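Here is final-v1.pdb, consisting of PDB, C-alpha atoms:
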ATOM      1  CA  MET A 823     280.436  17.013  77.027
ATOM      2  CA  PRO A 824     282.078  14.000  78.726
ATOM      3  CA  ASP A 825     282.817  14.435  82.436
ATOM      4  CA  SER A 826     286.472  13.831  81.696
ATOM      5  CA  ALA A 827     286.807  16.927  79.507
ATOM      6  CA  PRO A 828     289.461  19.229  80.985
ATOM      7  CA  ILE A 829     288.277  22.415  82.637
ATOM      8  CA  ILE A 830     290.617  25.399  82.667
ATOM      9  CA  PRO A 831     290.773  27.074  86.087
ATOM     10  CA  PHE A 832     290.096  30.752  86.345
ATOM     11  CA  SER A 833     292.110  33.109  88.517
ATOM     12  CA  SER A 834     290.330  35.755  90.549
ATOM     13  CA  SER A 835     292.751  38.613  89.995
ATOM     14  CA  SER A 836     291.387  41.729  88.353
ATOM     15  CA  GLN A 837     294.556  43.802  87.932
ATOM     16  CA  PRO A 838     293.488  46.824  89.979
ATOM     17  CA  GLY A 839     295.381  50.058  89.894
ATOM     18  CA  GLY A 840     298.363  50.902  87.731
ATOM     19  CA  PHE A 841     296.972  51.592  84.293
ATOM     20  CA  ALA A 842     293.848  53.446  85.403
ATOM     21  CA  ASP A 843     295.814  55.560  87.871
ATOM     22  CA  ASP A 844     298.359  56.421  85.180
ATOM     23  CA  ILE A 845     295.678  57.558  82.726
ATOM     24  CA  LEU A 846     293.842  59.643  85.311
ATOM     25  CA  GLY A 847     297.084  61.253  86.447
ATOM     26  CA  ARG A 848     298.311  61.971  82.922
ATOM     27  CA  PHE A 849     295.210  63.963  82.076
ATOM     28  CA  ASN A 850     294.787  65.403  85.592
ATOM     29  CA  VAL A 851     291.338  63.855  85.895
ATOM     30  CA  ALA A 852     289.914  62.928  89.277
ATOM     31  CA  PRO A 853     287.047  60.440  89.633
ATOM     32  CA  PRO A 854     283.755  62.240  90.203
ATOM     33  CA  SER A 855     282.400  62.017  93.728
ATOM     34  CA  LEU A 856     278.931  61.803  95.141
ATOM     35  CA  PRO A 857     277.968  63.727  98.242
ATOM     36  CA  GLY A 858     279.771  62.105 101.136
ATOM     37  CA  GLY A 859     282.913  61.446  99.107
ATOM     38  CA  GLU A 860     281.886  58.172  97.388
ATOM     39  CA  ALA A 861     283.059  57.749  93.775
ATOM     40  CA  ASP A 862     280.128  55.716  92.384
ATOM     41  CA  ILE A 863     279.054  57.616  89.291
ATOM     42  CA  PHE A 864     279.242  55.322  86.264
ATOM     43  CA  ILE A 865     281.265  56.835  83.409
ATOM     44  CA  PRO A 866     281.457  54.611  80.306
ATOM     45  CA  ALA A 867     284.843  53.978  78.714
ATOM     46  CA  PRO A 868     285.507  52.787  75.153
ATOM     47  CA  ARG A 869     284.403  49.164  74.790
ATOM     48  CA  GLU A 870     287.797  47.884  73.643
ATOM     49  CA  LEU A 871     290.710  47.759  76.050
ATOM     50  CA  PRO A 872     293.403  50.252  74.967
ATOM     51  CA  LYS A 873     296.383  49.367  72.805
ATOM     52  CA  ASP A 874     299.561  48.480  74.750
ATOM     53  CA  HIS A 875     297.527  47.621  77.846
ATOM     54  CA  LEU A 876     299.060  44.787  79.903
ATOM     55  CA  LEU A 877     296.458  42.117  80.633
ATOM     56  CA  GLN A 878     297.587  39.194  82.800
ATOM     57  CA  GLY A 879     301.051  39.223  81.206
ATOM     58  CA  TYR A 880     299.754  39.784  77.654
ATOM     59  CA  ARG A 881     300.485  43.095  75.901
ATOM     60  CA  LEU A 882     297.503  44.075  73.742
ATOM     61  CA  LEU A 883     298.662  44.996  70.229
ATOM     62  CA  LYS A 884     295.319  45.803  68.610
ATOM     63  CA  CYS A 885     291.634  44.957  68.532
ATOM     64  CA  VAL A 886     290.982  42.610  65.591
ATOM     65  CA  GLY A 887     287.268  41.999  65.952
ATOM     66  CA  SER A 888     284.155  42.960  67.862
ATOM     67  CA  GLY A 889     280.849  41.084  67.813
ATOM     68  CA  GLY A 890     277.656  40.883  69.794
ATOM     69  CA  PHE A 891     279.134  38.834  72.633
ATOM     70  CA  GLY A 892     282.855  39.442  72.582
ATOM     71  CA  ILE A 893     285.918  41.435  71.608
ATOM     72  CA  THR A 894     289.018  39.839  70.084
ATOM     73  CA  TYR A 895     292.553  41.174  70.482
ATOM     74  CA  LEU A 896     295.939  40.376  68.995
ATOM     75  CA  ALA A 897     298.414  40.311  71.868
ATOM     76  CA  ALA A 898     302.017  39.509  72.750
ATOM     77  CA  ASP A 899     302.813  36.967  75.459
ATOM     78  CA  GLU A 900     305.609  38.869  77.178
ATOM     79  CA  LEU A 901     306.893  35.842  79.104
ATOM     80  CA  LEU A 902     307.067  33.367  76.197
ATOM     81  CA  GLY A 903     307.745  35.892  73.438
ATOM     82  CA  ARG A 904     304.975  34.836  71.066
ATOM     83  CA  ARG A 905     301.825  36.332  69.600
ATOM     84  CA  VAL A 906     298.439  35.091  70.758
ATOM     85  CA  VAL A 907     294.769  35.926  70.285
ATOM     86  CA  ILE A 908     292.629  36.873  73.289
ATOM     87  CA  LYS A 909     288.844  36.759  73.315
ATOM     88  CA  GLU A 910     287.034  38.874  75.917
ATOM     89  CA  HIS A 911     283.482  38.152  77.025
ATOM     90  CA  PHE A 912     281.576  41.387  76.401
ATOM     91  CA  PRO A 913     277.846  41.196  75.517
ATOM     92  CA  GLN A 914     277.638  44.643  73.997
ATOM     93  CA  ALA A 915     273.856  45.020  74.039
ATOM     94  CA  ILE A 916     273.704  44.869  77.825
ATOM     95  CA  CYS A 917     277.170  45.806  79.132
ATOM     96  CA  GLU A 918     279.500  48.785  79.281
ATOM     97  CA  ARG A 919     283.068  49.296  80.472
ATOM     98  CA  ARG A 920     283.571  51.498  83.502
ATOM     99  CA  SER A 921     286.030  54.365  83.070
ATOM    100  CA  GLY A 922     288.909  54.294  85.537
ATOM    101  CA  THR A 923     288.592  50.645  86.588
ATOM    102  CA  LEU A 924     287.906  49.236  83.078
ATOM    103  CA  ALA A 925     285.461  46.812  84.703
ATOM    104  CA  VAL A 926     282.682  45.397  82.530
ATOM    105  CA  GLU A 927     279.320  46.230  84.100
ATOM    106  CA  LEU A 928     275.649  45.741  83.282
ATOM    107  CA  GLN A 929     273.897  48.767  81.807
ATOM    108  CA  ASP A 930     270.706  47.706  83.584
ATOM    109  CA  GLU A 931     270.291  45.126  86.357
ATOM    110  CA  SER A 932     267.166  43.828  84.620
ATOM    111  CA  ALA A 933     269.513  42.151  82.105
ATOM    112  CA  ALA A 934     271.257  40.073  84.797
ATOM    113  CA  ASP A 935     269.739  36.807  83.533
ATOM    114  CA  GLY A 936     270.921  37.550  80.007
ATOM    115  CA  LEU A 937     274.445  38.212  81.260
ATOM    116  CA  GLU A 938     274.473  34.960  83.224
ATOM    117  CA  TRP A 939     273.345  33.007  80.142
ATOM    118  CA  SER A 940     276.050  34.677  78.066
ATOM    119  CA  ARG A 941     278.729  33.871  80.656
ATOM    120  CA  ARG A 942     277.682  30.213  80.757
ATOM    121  CA  ASN A 943     277.858  30.061  76.962
ATOM    122  CA  PHE A 944     281.341  31.638  76.989
ATOM    123  CA  LEU A 945     282.549  29.122  79.585
ATOM    124  CA  ARG A 946     281.054  26.297  77.528
ATOM    125  CA  GLU A 947     283.066  27.470  74.511
ATOM    126  CA  VAL A 948     286.256  27.609  76.607
ATOM    127  CA  ARG A 949     285.774  24.099  77.969
ATOM    128  CA  LEU A 950     284.848  22.720  74.577
ATOM    129  CA  LEU A 951     288.004  24.143  72.984
ATOM    130  CA  ALA A 952     290.069  22.771  75.866
ATOM    131  CA  SER A 953     288.769  19.285  75.097
ATOM    132  CA  LEU A 954     289.898  19.382  71.434
ATOM    133  CA  ASP A 955     293.257  18.470  69.947
ATOM    134  CA  HIS A 956     293.423  18.530  66.153
ATOM    135  CA  HIS A 957     295.934  20.018  63.733
ATOM    136  CA  ASN A 958     293.184  21.914  61.873
ATOM    137  CA  ILE A 959     291.323  23.286  64.915
ATOM    138  CA  VAL A 960     292.536  26.356  66.800
ATOM    139  CA  LYS A 961     294.292  25.546  70.082
ATOM    140  CA  ILE A 962     293.464  27.190  73.396
ATOM    141  CA  PHE A 963     296.317  28.067  75.784
ATOM    142  CA  SER A 964     294.657  29.470  78.900
ATOM    143  CA  SER A 965     291.727  31.369  80.353
ATOM    144  CA  PHE A 966     291.293  33.796  83.214
ATOM    145  CA  LYS A 967     289.009  36.344  84.875
ATOM    146  CA  ALA A 968     289.752  40.061  84.987
ATOM    147  CA  TYR A 969     287.838  43.352  85.006
ATOM    148  CA  ASN A 970     284.667  41.548  86.084
ATOM    149  CA  THR A 971     284.570  39.444  82.912
ATOM    150  CA  LEU A 972     286.110  36.346  81.293
ATOM    151  CA  TYR A 973     288.902  35.831  78.764
ATOM    152  CA  TYR A 974     290.534  32.985  76.889
ATOM    153  CA  VAL A 975     293.805  32.845  74.959
ATOM    154  CA  THR A 976     294.381  30.894  71.737
ATOM    155  CA  GLU A 977     297.177  30.374  69.266
ATOM    156  CA  TYR A 978     297.779  33.103  66.702
ATOM    157  CA  ILE A 979     297.356  31.913  63.111
ATOM    158  CA  ASN A 980     299.808  33.780  60.897
ATOM    159  CA  GLY A 981     297.819  34.019  57.679
ATOM    160  CA  GLN A 982     294.409  35.164  56.505
ATOM    161  CA  SER A 983     290.791  34.048  56.511
ATOM    162  CA  LEU A 984     289.408  32.023  53.650
ATOM    163  CA  GLY A 985     287.086  34.964  53.010
ATOM    164  CA  ALA A 986     289.996  37.378  52.553
ATOM    165  CA  TYR A 987     291.847  34.784  50.458
ATOM    166  CA  THR A 988     288.798  34.417  48.183
ATOM    167  CA  GLN A 989     288.378  38.178  47.728
ATOM    168  CA  GLN A 990     292.055  38.530  46.913
ATOM    169  CA  HIS A 991     291.875  35.856  44.195
ATOM    170  CA  HIS A 992     288.667  37.120  42.631
ATOM    171  CA  HIS A 993     289.914  40.706  42.548
ATOM    172  CA  SER A 994     293.080  39.563  40.769
ATOM    173  CA  GLY A 995     291.180  37.263  38.386
ATOM    174  CA  THR A 996     292.956  34.131  39.614
ATOM    175  CA  ARG A 997     291.566  30.917  41.084
ATOM    176  CA  ILE A 998     292.702  28.337  43.583
ATOM    177  CA  SER A 999     294.263  25.327  41.860
ATOM    178  CA  GLN A1000     292.571  21.935  41.965
ATOM    179  CA  ASP A1001     295.379  20.469  44.079
ATOM    180  CA  GLU A1002     295.135  23.334  46.588
ATOM    181  CA  LEU A1003     291.356  23.031  46.698
ATOM    182  CA  TYR A1004     291.469  19.279  47.261
ATOM    183  CA  GLY A1005     294.126  19.574  49.969
ATOM    184  CA  MET A1006     292.168  22.249  51.848
ATOM    185  CA  MET A1007     288.905  20.289  51.561
ATOM    186  CA  VAL A1008     290.397  17.074  52.907
ATOM    187  CA  ARG A1009     291.921  18.824  55.931
ATOM    188  CA  VAL A1010     288.737  20.694  56.881
ATOM    189  CA  LEU A1011     286.672  17.536  56.394
ATOM    190  CA  ASP A1012     289.098  15.675  58.659
ATOM    191  CA  ALA A1013     288.547  18.336  61.337
ATOM    192  CA  LEU A1014     284.774  17.981  60.942
ATOM    193  CA  HIS A1015     285.035  14.187  61.171
ATOM    194  CA  TYR A1016     286.994  14.652  64.417
ATOM    195  CA  LEU A1017     284.295  16.949  65.830
ATOM    196  CA  HIS A1018     281.396  14.781  64.728
ATOM    197  CA  SER A1019     283.009  11.652  66.181
ATOM    198  CA  ARG A1020     282.733  13.491  69.520
ATOM    199  CA  ARG A1021     279.128  14.452  68.812
ATOM    200  CA  ILE A1022     280.099  18.131  68.425
ATOM    201  CA  LEU A1023     278.566  20.351  65.735
ATOM    202  CA  HIS A1024     280.364  23.561  64.820
ATOM    203  CA  LEU A1025     277.226  25.242  63.368
ATOM    204  CA  ASP A1026     278.985  28.381  62.127
ATOM    205  CA  ILE A1027     281.264  27.285  59.299
ATOM    206  CA  LYS A1028     281.821  30.140  56.861
ATOM    207  CA  PRO A1029     284.778  31.741  55.032
ATOM    208  CA  ASP A1030     285.730  34.007  57.928
ATOM    209  CA  ASN A1031     285.840  31.077  60.371
ATOM    210  CA  ILE A1032     288.479  29.167  58.419
ATOM    211  CA  LEU A1033     291.970  30.639  58.617
ATOM    212  CA  LEU A1034     294.757  29.722  56.217
ATOM    213  CA  THR A1035     298.336  29.720  57.463
ATOM    214  CA  ARG A1036     301.099  30.947  55.158
ATOM    215  CA  ASN A1037     301.800  27.363  54.112
ATOM    216  CA  GLY A1038     298.115  26.764  53.317
ATOM    217  CA  ARG A1039     297.033  24.823  56.414
ATOM    218  CA  PRO A1040     293.340  25.514  57.155
ATOM    219  CA  VAL A1041     292.406  26.096  60.791
ATOM    220  CA  LEU A1042     288.809  26.069  62.025
ATOM    221  CA  ILE A1043     288.039  28.821  64.569
ATOM    222  CA  ASP A1044     285.121  30.370  66.511
ATOM    223  CA  PHE A1045     283.236  27.709  68.445
ATOM    224  CA  GLY A1046     280.782  30.149  70.013
ATOM    225  CA  ALA A1047     277.834  28.530  68.215
ATOM    226  CA  ALA A1048     278.978  24.914  68.652
ATOM    227  CA  HIS A1049     276.746  22.329  70.296
ATOM    228  CA  GLU A1050     277.823  19.116  71.923
ATOM    229  CA  ASN A1051     274.886  16.789  71.435
ATOM    230  CA  PHE A1052     273.173  16.037  68.137
ATOM    231  CA  GLY A1053     269.470  16.847  68.260
ATOM    232  CA  ASP A1054     269.911  19.044  71.364
ATOM    233  CA  ALA A1055     270.853  22.344  69.745
ATOM    234  CA  GLY A1056     267.601  24.262  69.961
ATOM    235  CA  VAL A1057     268.675  26.910  72.470
ATOM    236  CA  GLY A1058     270.960  29.611  71.150
ATOM    237  CA  VAL A1059     271.273  28.328  67.581
ATOM    238  CA  VAL A1060     272.585  31.094  65.315
ATOM    239  CA  GLU A1061     272.157  31.477  61.573
ATOM    240  CA  THR A1062     274.422  32.997  58.935
ATOM    241  CA  PRO A1063     272.442  33.684  55.728
ATOM    242  CA  GLY A1064     273.940  31.892  52.759
ATOM    243  CA  TYR A1065     275.920  29.441  54.880
ATOM    244  CA  SER A1066     273.525  27.989  57.452
ATOM    245  CA  PRO A1067     271.457  25.032  56.179
ATOM    246  CA  PRO A1068     267.661  25.288  56.058
ATOM    247  CA  GLU A1069     267.192  23.067  59.121
ATOM    248  CA  GLN A1070     269.242  25.453  61.287
ATOM    249  CA  GLY A1071     266.317  27.873  61.412
ATOM    250  CA  MET A1072     263.531  25.302  61.692
ATOM    251  CA  ASN A1073     261.968  23.125  64.408
ATOM    252  CA  GLY A1074     264.115  24.597  67.146
ATOM    253  CA  GLY A1075     267.231  22.977  65.730
ATOM    254  CA  GLU A1076     265.898  19.432  66.217
ATOM    255  CA  ASP A1077     267.009  18.256  62.762
ATOM    256  CA  LEU A1078     270.624  19.358  63.071
ATOM    257  CA  GLY A1079     273.413  16.850  62.588
ATOM    258  CA  PRO A1080     276.718  16.304  60.758
ATOM    259  CA  TRP A1081     274.869  17.052  57.511
ATOM    260  CA  SER A1082     274.336  20.623  58.781
ATOM    261  CA  ASP A1083     278.068  21.356  59.020
ATOM    262  CA  ILE A1084     278.480  19.619  55.652
ATOM    263  CA  TYR A1085     276.038  22.068  54.046
ATOM    264  CA  ALA A1086     277.830  25.063  55.577
ATOM    265  CA  PHE A1087     281.191  23.832  54.326
ATOM    266  CA  GLY A1088     279.704  23.254  50.881
ATOM    267  CA  ALA A1089     278.406  26.845  50.886
ATOM    268  CA  THR A1090     281.858  28.036  51.951
ATOM    269  CA  LEU A1091     283.446  26.155  49.024
ATOM    270  CA  CYS A1092     280.831  27.649  46.692
ATOM    271  CA  TYR A1093     281.916  31.114  47.833
ATOM    272  CA  LEU A1094     285.566  30.194  47.330
ATOM    273  CA  LEU A1095     284.935  29.040  43.745
ATOM    274  CA  THR A1096     282.415  31.651  42.606
ATOM    275  CA  GLY A1097     282.769  34.653  44.900
ATOM    276  CA  SER A1098     279.127  34.290  46.003
ATOM    277  CA  ALA A1099     277.332  32.217  48.613
ATOM    278  CA  PRO A1100     274.063  30.443  47.772
ATOM    279  CA  SER A1101     270.725  32.032  48.654
ATOM    280  CA  PRO A1102     269.620  31.587  52.294
ATOM    281  CA  GLY A1103     268.746  27.976  53.056
ATOM    282  CA  ALA A1104     265.093  28.521  53.988
ATOM    283  CA  GLN A1105     264.572  30.448  50.746
ATOM    284  CA  ARG A1106     266.096  27.615  48.725
ATOM    285  CA  LEU A1107     263.541  25.195  50.167
ATOM    286  CA  LEU A1108     260.761  27.310  48.662
ATOM    287  CA  TYR A1109     262.439  28.300  45.398
ATOM    288  CA  ASP A1110     265.879  27.088  44.455
ATOM    289  CA  ASN A1111     267.530  28.855  41.535
ATOM    290  CA  PHE A1112     271.034  27.652  42.395
ATOM    291  CA  GLU A1113     272.957  26.592  39.289
ATOM    292  CA  PRO A1114     274.930  23.433  40.109
ATOM    293  CA  LEU A1115     278.668  23.982  40.138
ATOM    294  CA  ALA A1116     279.167  20.843  38.061
ATOM    295  CA  SER A1117     277.179  22.404  35.206
ATOM    296  CA  ARG A1118     279.173  25.666  35.055
ATOM    297  CA  ALA A1119     281.622  25.610  32.157
ATOM    298  CA  ALA A1120     283.911  28.165  33.818
ATOM    299  CA  LEU A1121     284.439  25.705  36.677
ATOM    300  CA  THR A1122     284.463  22.369  34.831
ATOM    301  CA  SER A1123     287.326  23.668  32.710
ATOM    302  CA  LEU A1124     289.430  23.991  35.880
ATOM    303  CA  TYR A1125     288.150  21.360  38.330
ATOM    304  CA  HIS A1126     287.142  17.715  38.018
ATOM    305  CA  VAL A1127     283.395  17.413  37.525
ATOM    306  CA  ASP A1128     283.107  14.772  40.276
ATOM    307  CA  LEU A1129     284.711  17.115  42.797
ATOM    308  CA  LEU A1130     282.206  19.845  41.866
ATOM    309  CA  ALA A1131     279.310  17.376  41.944
ATOM    310  CA  GLY A1132     280.284  16.448  45.493
ATOM    311  CA  ILE A1133     280.075  20.080  46.577
ATOM    312  CA  ASP A1134     276.677  20.303  44.866
ATOM    313  CA  ARG A1135     275.459  17.300  46.849
ATOM    314  CA  ALA A1136     276.735  18.819  50.095
ATOM    315  CA  LEU A1137     274.730  21.930  49.183
ATOM    316  CA  SER A1138     271.397  20.196  48.712
ATOM    317  CA  PRO A1139     268.649  22.065  50.605
ATOM    318  CA  SER A1140     267.057  18.687  51.375
ATOM    319  CA  VAL A1141     268.721  16.803  54.207
ATOM    320  CA  ASP A1142     267.767  13.491  52.571
ATOM    321  CA  SER A1143     269.667  14.397  49.378
ATOM    322  CA  ARG A1144     272.763  15.611  51.184
ATOM    323  CA  TYR A1145     275.770  13.680  52.472
ATOM    324  CA  ARG A1146     274.827  12.331  55.875
ATOM    325  CA  SER A1147     278.418  12.094  57.117
ATOM    326  CA  VAL A1148     281.922  13.262  56.320
ATOM    327  CA  ASP A1149     282.838   9.643  55.542
ATOM    328  CA  GLU A1150     280.324   9.639  52.650
ATOM    329  CA  TRP A1151     281.821  12.776  51.173
ATOM    330  CA  MET A1152     285.373  11.518  51.621
ATOM    331  CA  ALA A1153     284.488   8.265  49.870
ATOM    332  CA  ASP A1154     283.328  10.246  46.826
ATOM    333  CA  LEU A1155     286.488  12.362  46.885
ATOM    334  CA  ARG A1156     288.651   9.241  46.867
ATOM    335  CA  GLY A1157     286.695   7.941  43.869
TER     336      GLY A1157
END
Let's see the structure in the file written out as structure tokens.
Amino acid sequence: MPDSAPIIPFSSSSQPGGFADDILGRFNVAPPSLPGGEADIFIPAPRELPKDHLLQGYRLLKCVGSGGFGITYLAADELLGRRVVIKEHFPQAICERRSGTLAVELQDESAADGLEWSRRNFLREVRLLASLDHHNIVKIFSSFKAYNTLYYVTEYINGQSLGAYTQQHHHSGTRISQDELYGMMVRVLDALHYLHSRRILHLDIKPDNILLTRNGRPVLIDFGAAHENFGDAGVGVVETPGYSPPEQGMNGGEDLGPWSDIYAFGATLCYLLTGSAPSPGAQRLLYDNFEPLASRAALTSLYHVDLLAGIDRALSPSVDSRYRSVDEWMADLRG
């Protein structure tokens, strides 16, 4: 990342007291003590922070997601009177939350190196988001440290994921119109062009990582897998079967580039149009039974064949047959 990229400062407050004391008092529970009066016994608490908890001025409304490295909450900014989304750093395989203090602690000190790597990756995501400013990329508001872990706060997108939107349409037997499809494609491609012009790869484009506002604006989220230098993505590269391109799981990520995000977006569009993602990329290199979208009568009766052919090209398992840049794809869309 360029040295000029803004870095969000972290506060050192951890919000001691208050909530924990209230809970312990309400249930008449005293912290267990070791001989000598020290209260050091570790008692795990639920991983998610409780509903209605006040965290650095944000009232937690509900937990909306929990993955391997973090927990996501919908919250209310009590000072500004708006909803936000808060992501908490919580590598669940190696950490637990301490009852009473709610601090996030290692389960075993032997995993200290893994925790440090995870924290660095979380900070990298925060700083990367802070460096971006695009209408179709989620905006970050702030970040802070509390309960022995890290948090960042982003805008709340009032809408639904492209995955939920697709399921809703397929269950009702309806399809996205060609105008809606084209408009969504152009806006996501513009966001990808913006990222790629800064030598950033998203590397985790899929239906659940594109949110649609109520007026149809697509917003790209979740930059936890993003990398900032083409050809330097070997460490920590993740794969999502059906959406990740073949090269994402090969050669340590050396062959990744803009064409990799292009494949993932093509697979996302395939899911939107058909309700199914293609077979995993590595499998398609060995045996590809994918039926081109441009040859499916059910689709050509609704969408222009050139638009479908462009998605097919984006979905080529071979990097050499795929669009090499967003500009190439956009040129085909313009005709």
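Look at Val1010 (chain A): the protein and nucleic acid residues within 10 Å of it, using all atoms listed in the file and passing over chain neighbours fewer than 6 places away, are A:His957, A:Asn958, A:Ile959, A:Tyr1016, A:Ile1032, A:Arg1039, A:Pro1040, A:Val1041, A:Leu1042, A:Phe1087.
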Given the file above and the PyMOL selection byres ((chain A and resi 972) around 12), which residues are selected, and can you give them as a JSON list (two decimals) with C-alpha atoms, keeping the file's coordinate frame?
[["chain", "number", "residue", "atom", "x", "y", "z"],
["A", 830, "ILE", "CA", 290.62, 25.40, 82.67],
["A", 831, "PRO", "CA", 290.77, 27.07, 86.09],
["A", 832, "PHE", "CA", 290.10, 30.75, 86.34],
["A", 833, "SER", "CA", 292.11, 33.11, 88.52],
["A", 834, "SER", "CA", 290.33, 35.76, 90.55],
["A", 835, "SER", "CA", 292.75, 38.61, 90.00],
["A", 836, "SER", "CA", 291.39, 41.73, 88.35],
["A", 877, "LEU", "CA", 296.46, 42.12, 80.63],
["A", 878, "GLN", "CA", 297.59, 39.19, 82.80],
["A", 891, "PHE", "CA", 279.13, 38.83, 72.63],
["A", 892, "GLY", "CA", 282.86, 39.44, 72.58],
["A", 893, "ILE", "CA", 285.92, 41.44, 71.61],
["A", 908, "ILE", "CA", 292.63, 36.87, 73.29],
["A", 909, "LYS", "CA", 288.84, 36.76, 73.32],
["A", 910, "GLU", "CA", 287.03, 38.87, 75.92],
["A", 911, "HIS", "CA", 283.48, 38.15, 77.03],
["A", 912, "PHE", "CA", 281.58, 41.39, 76.40],
["A", 913, "PRO", "CA", 277.85, 41.20, 75.52],
["A", 925, "ALA", "CA", 285.46, 46.81, 84.70],
["A", 926, "VAL", "CA", 282.68, 45.40, 82.53],
["A", 937, "LEU", "CA", 274.44, 38.21, 81.26],
["A", 938, "GLU", "CA", 274.47, 34.96, 83.22],
["A", 940, "SER", "CA", 276.05, 34.68, 78.07],
["A", 941, "ARG", "CA", 278.73, 33.87, 80.66],
["A", 942, "ARG", "CA", 277.68, 30.21, 80.76],
["A", 943, "ASN", "CA", 277.86, 30.06, 76.96],
["A", 944, "PHE", "CA", 281.34, 31.64, 76.99],
["A", 945, "LEU", "CA", 282.55, 29.12, 79.58],
["A", 946, "ARG", "CA", 281.05, 26.30, 77.53],
["A", 947, "GLU", "CA", 283.07, 27.47, 74.51],
["A", 948, "VAL", "CA", 286.26, 27.61, 76.61],
["A", 964, "SER", "CA", 294.66, 29.47, 78.90],
["A", 965, "SER", "CA", 291.73, 31.37, 80.35],
["A", 966, "PHE", "CA", 291.29, 33.80, 83.21],
["A", 967, "LYS", "CA", 289.01, 36.34, 84.88],
["A", 968, "ALA", "CA", 289.75, 40.06, 84.99],
["A", 969, "TYR", "CA", 287.84, 43.35, 85.01],
["A", 970, "ASN", "CA", 284.67, 41.55, 86.08],
["A", 971, "THR", "CA", 284.57, 39.44, 82.91],
["A", 973, "TYR", "CA", 288.90, 35.83, 78.76],
["A", 974, "TYR", "CA", 290.53, 32.98, 76.89],
["A", 975, "VAL", "CA", 293.80, 32.84, 74.96]]
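Using only C-alpha atoms for every distance, the candidate list A:Tyr895, A:Tyr1125, A:Tyr1085, A:Tyr1065 yields A:Tyr1085 as the residue closest to Trp1151 (chain A).
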Could you list, as a PyMOL selection string, every residue matched by the PyMOL selection byres ((chain A and resi 1020) around 12) in this structure? chain A and resi 823-824+827+950+953-955+1013-1019+1021-1024+1049-1052+1080
Mind checking which residues fall within 8 Å of Leu1011 (chain A), counting only C-alpha atoms, ignoring those fewer than 4 positions away in the same chain, and posting them as a list of chain:residue names? A:Met1007, A:His1015, A:Val1148, A:Met1152
Mind working out the centre and edge lengths of an axis-aligned box for region 937-956 of chain A, all listed atoms inside, 5 Å added to each side, rounded to one decimal in Å and written as AutoDock Vina command-line options?
--center_x 283.4 --center_y 28.3 --center_z 74.7 --size_x 30.1 --size_y 29.7 --size_z 27.1
Convert the output of the PyMOL selection byres ((chain A and resi 867-873) around 6) on the shown file into explicit residues, formatted as a ChimeraX atom specification. /A:866,874-875,882-884,919-921
Measuring atom to atom with all atoms listed in the file, identify which of A:Ala1104, A:Ile865, A:Leu1078, A:Ile1084 is nearest to Gly1064 (chain A). A:Ala1104
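The two atoms in question, CA of Asp1154 (chain A) and CA of Leu1129 (chain A), are spaced 8.1 Å apart.
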What does the distance between CA of Gln1000 (chain A) and CA of Gly985 (chain A) come to in Å, to one decimal place? 17.9 Å
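The nearest approach to Tyr1093 (chain A) among the residues A:Asp1030, A:Asp1012, A:Glu927, A:Asp1001, with all atoms listed in the file taken into account, belongs to A:Asp1030.
Closest approach to Gly889 (chain A) from the set A:Leu1130, A:Asp1044, A:Thr923, A:Asp935 is made by A:Asp1044, with distances taken over only C-alpha atoms.
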Which is closer to Glu918 (chain A) than all the others in A:Thr1035, A:Asp930, A:Gly1046, A:Glu1069, using all atoms listed in the file? A:Asp930
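Atom pair CA of Thr996 (chain A) / CA of Arg1156 (chain A): separated by 26.3 Å.
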(292.8, 30.6, 66.2) in this file's frame - what residues fall within 6 Å of it? Use all atoms listed in the file and give the answer as a PDB file with C-alpha atoms, keeping the file's coordinate frame.
ATOM      1  CA  VAL A 960     292.536  26.356  66.800  1.00  0.00           C
ATOM      2  CA  THR A 976     294.381  30.894  71.737  1.00  0.00           C
ATOM      3  CA  GLU A 977     297.177  30.374  69.266  1.00  0.00           C
ATOM      4  CA  TYR A 978     297.779  33.103  66.702  1.00  0.00           C
ATOM      5  CA  ILE A 979     297.356  31.913  63.111  1.00  0.00           C
ATOM      6  CA  ILE A1043     288.039  28.821  64.569  1.00  0.00           C
TER       7      ILE A1043
END
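Proximity ranking of A:Leu896, A:Ala1136, A:Ala1047, A:Ile962 relative to Ile1027 (chain A) places A:Ala1047 first, based on only C-alpha atoms.
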Reconstructed N, CA and C atoms for region 962-967 of chain A, given as a PDB file, in the coordinates of the input:
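The result, stored in rebuild01.pdb:
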ATOM      1  N   ILE A 962     293.611  26.253  72.280  1.00  0.00           N
ATOM      2  CA  ILE A 962     293.464  27.190  73.396  1.00  0.00           C
ATOM      3  C   ILE A 962     294.641  26.998  74.347  1.00  0.00           C
ATOM      4  N   PHE A 963     295.176  28.109  74.871  1.00  0.00           N
ATOM      5  CA  PHE A 963     296.317  28.067  75.784  1.00  0.00           C
ATOM      6  C   PHE A 963     295.898  28.233  77.244  1.00  0.00           C
ATOM      7  N   SER A 964     295.024  29.188  77.514  1.00  0.00           N
ATOM      8  CA  SER A 964     294.657  29.470  78.900  1.00  0.00           C
ATOM      9  C   SER A 964     293.378  30.286  78.943  1.00  0.00           C
ATOM     10  N   SER A 965     292.873  30.481  80.144  1.00  0.00           N
ATOM     11  CA  SER A 965     291.727  31.369  80.353  1.00  0.00           C
ATOM     12  C   SER A 965     291.855  31.987  81.738  1.00  0.00           C
ATOM     13  N   PHE A 966     291.188  33.112  81.933  1.00  0.00           N
ATOM     14  CA  PHE A 966     291.293  33.796  83.214  1.00  0.00           C
ATOM     15  C   PHE A 966     290.138  34.778  83.358  1.00  0.00           C
ATOM     16  N   LYS A 967     290.024  35.334  84.570  1.00  0.00           N
ATOM     17  CA  LYS A 967     289.009  36.344  84.875  1.00  0.00           C
ATOM     18  C   LYS A 967     289.705  37.642  85.236  1.00  0.00           C
TER      19      LYS A 967
END
